[in-house]
Amino acid sequence: MTQESSQGPRRDAPPRVHRVVVIVDENSNPFELGCATEVFGLRRPEIGRDLYDFRLCSPEPSTPMRDGFFTLTGVAELAVADTADTLIVPNRPDVEVPRRTAVLDAVRRAHARGARLVGFCSGAFTLAEAGVLDGRRATAHWQWADSFRARFPSVRLESDVLFVDDGDILTAAGSAAALDLGLHLVRRDHGAEVANSVSRRLVFAAHRDGGQRQFVERPVPDPPDESLAPVLAWAQERLDSPLAVADLAARASVSAATLHRRFQAQLGTTPLAWLTGERVALACRLIERGESRFELVARRSGLGTAANLRTLIRRETGLTPSAYQRRFGPGPTLTPADLP
């Protein structure tokens, strides 16, 4: 054995790209498969590097997708799931039909070796059936909440949120929430700046907090004069100012109570939660661009103090500002202790 092989990989060897594997099973939903492909599978020439090594696998060589819309062929065998750093499990509309034993075993093996597990929409049923969600937090589409609770009472289901990040197991609610969770993972893995770049290419909101409601009363605001877009754009240009909910309401020429109702109806969140989320995202971008003076970052993002910055960034990312800087700043030097 050579000296190099006995000491492990060379220090100057490029790091291995994080591998995301999607298991596709009979009657899987094409939309969520498309979301995973868009977020994790596409080349990113605008970023200048590959973010993920993306693979599809299936227990069968030919897999009929939902309602027989089409048949998927030419993907890898199920054994590829054993190489995943992140494993996205099958989601399908027939939630009462038991999953294949081979698929459930692959999920259990991935969990046992420490891989990150992801379920989109009804994917929570696959995770629960594999037994990896017992005692854990999760979400699923509101339509199946009662069925899920009846079958898996030991799972702490949160049925009115977009997604749940429970560390090494993450679940998203309805179909579009798969994009929210996907971007959340990109932000967690590569920082806010990269996540914003991916969201721009998707023409999708860069950040919707997982705690937002699944169901919004009016996804397309009508009449137009009640749209929040003008006040949101106005606030985003003034995040370093001492903005409060009252200022947003005044800009929109409505009462604070009316503004609150419009935020809940159109965005599924509160004005204060939206404003805080935008400020935290700005703070993360400033740190990624090289600003190391955290008091200045706090002031420029409207978070006030370094102590408040520390609390909110840790709540959002699982990292302290210093660890976030080492991980995502210019010339990051990530250590194992920095990982969330």
# chains A, B, ... in the order shown; residues from 1 in each chain; ligands from 1
>>> select_by_dssp(residues="segment 51-133 of chain A", states="alpha helix (DSSP H)", output="PyMOL selection string")
chain A and resi 101-112+123-129
>>> residues_around(residues="Ala233 of chain A", least_positions_apart="2", cutoff="12 Å", atoms="only C-alpha atoms", output="mmCIF file with C-alpha atoms, in the first residue's frame")
data_model
loop_
_atom_site.group_PDB
_atom_site.id
_atom_site.type_symbol
_atom_site.label_atom_id
_atom_site.label_comp_id
_atom_site.auth_asym_id
_atom_site.auth_seq_id
_atom_site.Cartn_x
_atom_site.Cartn_y
_atom_site.Cartn_z
ATOM 1 C CA SER A 227 -51.543 43.149 -4.061
ATOM 2 C CA LEU A 228 -48.706 43.260 -1.546
ATOM 3 C CA ALA A 229 -46.034 43.416 -4.268
ATOM 4 C CA PRO A 230 -45.487 47.220 -4.137
ATOM 5 C CA VAL A 231 -45.111 47.372 -0.357
ATOM 6 C CA ALA A 235 -39.621 47.379 2.254
ATOM 7 C CA GLN A 236 -36.885 45.262 0.660
ATOM 8 C CA GLU A 237 -35.088 48.459 -0.374
ATOM 9 C CA ARG A 238 -35.206 49.768 3.216
ATOM 10 C CA LEU A 239 -34.359 46.787 5.381
ATOM 11 C CA LEU A 248 -45.661 48.782 6.129
ATOM 12 C CA ARG A 251 -47.115 52.550 3.001
ATOM 13 C CA ALA A 252 -49.979 50.297 1.898
ATOM 14 C CA LEU A 275 -39.785 41.318 7.594
ATOM 15 C CA GLU A 278 -35.969 39.220 4.718
#
>>> atom_distance(atom1="atom CA of Leu179 of chain A", atom2="atom CA of Ala150 of chain A")
27.6 Å
>>> closest_residue(among="A:Gly167, A:Val155, A:Trp142, A:Arg66", to="His111 of chain A", atoms="only C-alpha atoms")
A:Gly167
>>> closest_residue(among="A:Pro321, A:Ala281, A:Leu78, A:Arg19", to="Glu295 of chain A", atoms="only C-alpha atoms")
A:Pro321
>>> decode(residues="segment 105-243 of chain A", atoms="C-alpha atoms", output="short mmCIF file (atom, residue, chain, number, x, y, z; two decimals), in the first residue's frame")
data_model
loop_
_atom_site.label_atom_id
_atom_site.label_comp_id
_atom_site.auth_asym_id
_atom_site.auth_seq_id
_atom_site.Cartn_x
_atom_site.Cartn_y
_atom_site.Cartn_z
CA ASP A 105 -35.33 -1.30 3.49
CA ALA A 106 -33.30 1.17 1.41
CA VAL A 107 -34.74 4.06 3.45
CA ARG A 108 -33.89 2.29 6.71
CA ARG A 109 -30.33 1.59 5.58
CA ALA A 110 -29.85 5.22 4.55
CA HIS A 111 -31.11 6.43 7.92
CA ALA A 112 -28.90 3.97 9.80
CA ARG A 113 -25.75 5.23 8.07
CA GLY A 114 -26.60 8.88 8.66
CA ALA A 115 -27.88 10.00 5.25
CA ARG A 116 -30.28 12.91 5.09
CA LEU A 117 -33.83 11.83 4.24
CA VAL A 118 -36.36 13.97 2.37
CA GLY A 119 -40.06 13.40 1.72
CA PHE A 120 -42.09 15.61 -0.61
CA CYS A 121 -45.89 15.75 -0.17
CA SER A 122 -47.01 12.15 0.49
CA GLY A 123 -43.38 11.11 0.89
CA ALA A 124 -43.96 11.43 4.63
CA PHE A 125 -46.01 8.23 4.39
CA THR A 126 -42.99 6.40 2.96
CA LEU A 127 -40.75 7.66 5.76
CA ALA A 128 -43.31 6.81 8.44
CA GLU A 129 -43.90 3.34 7.01
CA ALA A 130 -40.14 2.75 7.14
CA GLY A 131 -40.29 3.56 10.86
CA VAL A 132 -37.79 6.45 10.76
CA LEU A 133 -40.31 9.14 11.78
CA ASP A 134 -41.37 7.69 15.13
CA GLY A 135 -41.21 10.49 17.70
CA ARG A 136 -40.10 12.97 15.03
CA ARG A 137 -41.65 16.11 13.57
CA ALA A 138 -43.00 15.94 10.01
CA THR A 139 -45.57 17.41 7.68
CA ALA A 140 -47.64 16.16 4.76
CA HIS A 141 -50.32 17.56 2.49
CA TRP A 142 -53.27 18.81 4.55
CA GLN A 143 -55.61 16.55 2.53
CA TRP A 144 -54.07 13.45 4.15
CA ALA A 145 -53.51 14.77 7.67
CA ASP A 146 -56.28 12.73 9.31
CA SER A 147 -55.25 9.55 7.50
CA PHE A 148 -51.62 10.07 8.45
CA ARG A 149 -52.39 10.64 12.13
CA ALA A 150 -54.60 7.56 12.26
CA ARG A 151 -51.90 5.31 10.76
CA PHE A 152 -48.84 6.84 12.43
CA PRO A 153 -49.85 8.26 15.84
CA SER A 154 -46.24 8.27 17.08
CA VAL A 155 -45.23 10.89 14.48
CA ARG A 156 -45.59 14.56 15.49
CA LEU A 157 -47.44 15.74 12.40
CA GLU A 158 -47.56 19.50 11.76
CA SER A 159 -50.32 19.74 9.20
CA ASP A 160 -50.44 23.51 8.60
CA VAL A 161 -46.87 24.35 7.57
CA LEU A 162 -45.02 24.32 4.25
CA PHE A 163 -42.16 22.11 5.39
CA VAL A 164 -40.46 20.75 8.48
CA ASP A 165 -36.70 20.60 8.96
CA ASP A 166 -36.06 18.07 11.72
CA GLY A 167 -32.33 17.90 11.15
CA ASP A 168 -31.56 14.74 9.19
CA ILE A 169 -35.19 14.18 8.12
CA LEU A 170 -37.08 16.87 6.19
CA THR A 171 -40.62 16.78 4.84
CA ALA A 172 -42.63 19.13 2.62
CA ALA A 173 -46.39 19.53 2.38
CA GLY A 174 -48.11 20.09 -0.98
CA SER A 175 -46.47 19.78 -4.36
CA ALA A 176 -45.21 23.37 -4.68
CA ALA A 177 -43.74 23.17 -1.17
CA ALA A 178 -41.22 20.72 -2.65
CA LEU A 179 -39.57 23.74 -4.26
CA ASP A 180 -39.58 25.61 -0.95
CA LEU A 181 -37.92 22.70 0.82
CA GLY A 182 -35.49 22.16 -2.05
CA LEU A 183 -34.35 25.78 -1.90
CA HIS A 184 -34.14 25.54 1.89
CA LEU A 185 -31.72 22.63 1.46
CA VAL A 186 -29.64 24.56 -1.07
CA ARG A 187 -29.52 27.49 1.36
CA ARG A 188 -28.54 25.14 4.19
CA ASP A 189 -25.83 23.46 2.08
CA HIS A 190 -24.46 26.39 0.06
CA GLY A 191 -25.70 29.64 1.62
CA ALA A 192 -28.24 32.34 0.80
CA GLU A 193 -26.43 33.75 -2.22
CA VAL A 194 -26.37 30.43 -4.07
CA ALA A 195 -29.98 29.69 -3.07
CA ASN A 196 -31.00 33.08 -4.47
CA SER A 197 -29.25 32.27 -7.74
CA VAL A 198 -31.09 28.94 -8.00
CA SER A 199 -34.42 30.60 -7.18
CA ARG A 200 -33.88 33.28 -9.85
CA ARG A 201 -33.36 30.57 -12.45
CA LEU A 202 -36.55 28.88 -11.23
CA VAL A 203 -38.38 32.25 -11.20
CA PHE A 204 -39.56 31.26 -7.73
CA ALA A 205 -39.58 32.93 -4.32
CA ALA A 206 -36.10 32.74 -2.86
CA HIS A 207 -37.28 32.09 0.67
CA ARG A 208 -40.59 31.08 2.17
CA ASP A 209 -40.17 30.03 5.77
CA GLY A 210 -41.22 26.47 6.53
CA GLY A 211 -43.63 27.67 9.20
CA GLN A 212 -45.83 29.49 6.71
CA ARG A 213 -49.30 28.10 6.25
CA GLN A 214 -49.94 25.47 3.54
CA PHE A 215 -53.14 27.09 2.36
CA VAL A 216 -53.37 30.75 1.40
CA GLU A 217 -56.80 32.20 0.78
CA ARG A 218 -55.97 34.00 -2.45
CA PRO A 219 -52.84 32.71 -4.26
CA VAL A 220 -53.45 35.21 -7.09
CA PRO A 221 -54.39 38.54 -5.43
CA ASP A 222 -57.61 40.07 -6.72
CA PRO A 223 -58.38 42.92 -7.04
CA PRO A 224 -54.96 44.18 -8.14
CA ASP A 225 -54.94 47.17 -5.77
CA GLU A 226 -54.76 44.76 -2.82
CA SER A 227 -51.54 43.15 -4.06
CA LEU A 228 -48.71 43.26 -1.55
CA ALA A 229 -46.03 43.42 -4.27
CA PRO A 230 -45.49 47.22 -4.14
CA VAL A 231 -45.11 47.37 -0.36
CA LEU A 232 -42.86 44.29 -0.32
CA ALA A 233 -40.57 45.84 -2.93
CA TRP A 234 -40.55 49.13 -1.00
CA ALA A 235 -39.62 47.38 2.25
CA GLN A 236 -36.88 45.26 0.66
CA GLU A 237 -35.09 48.46 -0.37
CA ARG A 238 -35.21 49.77 3.22
CA LEU A 239 -34.36 46.79 5.38
CA ASP A 240 -31.62 48.75 7.14
CA SER A 241 -34.16 51.31 8.30
CA PRO A 242 -36.14 50.92 11.54
CA LEU A 243 -39.18 49.55 9.73
#
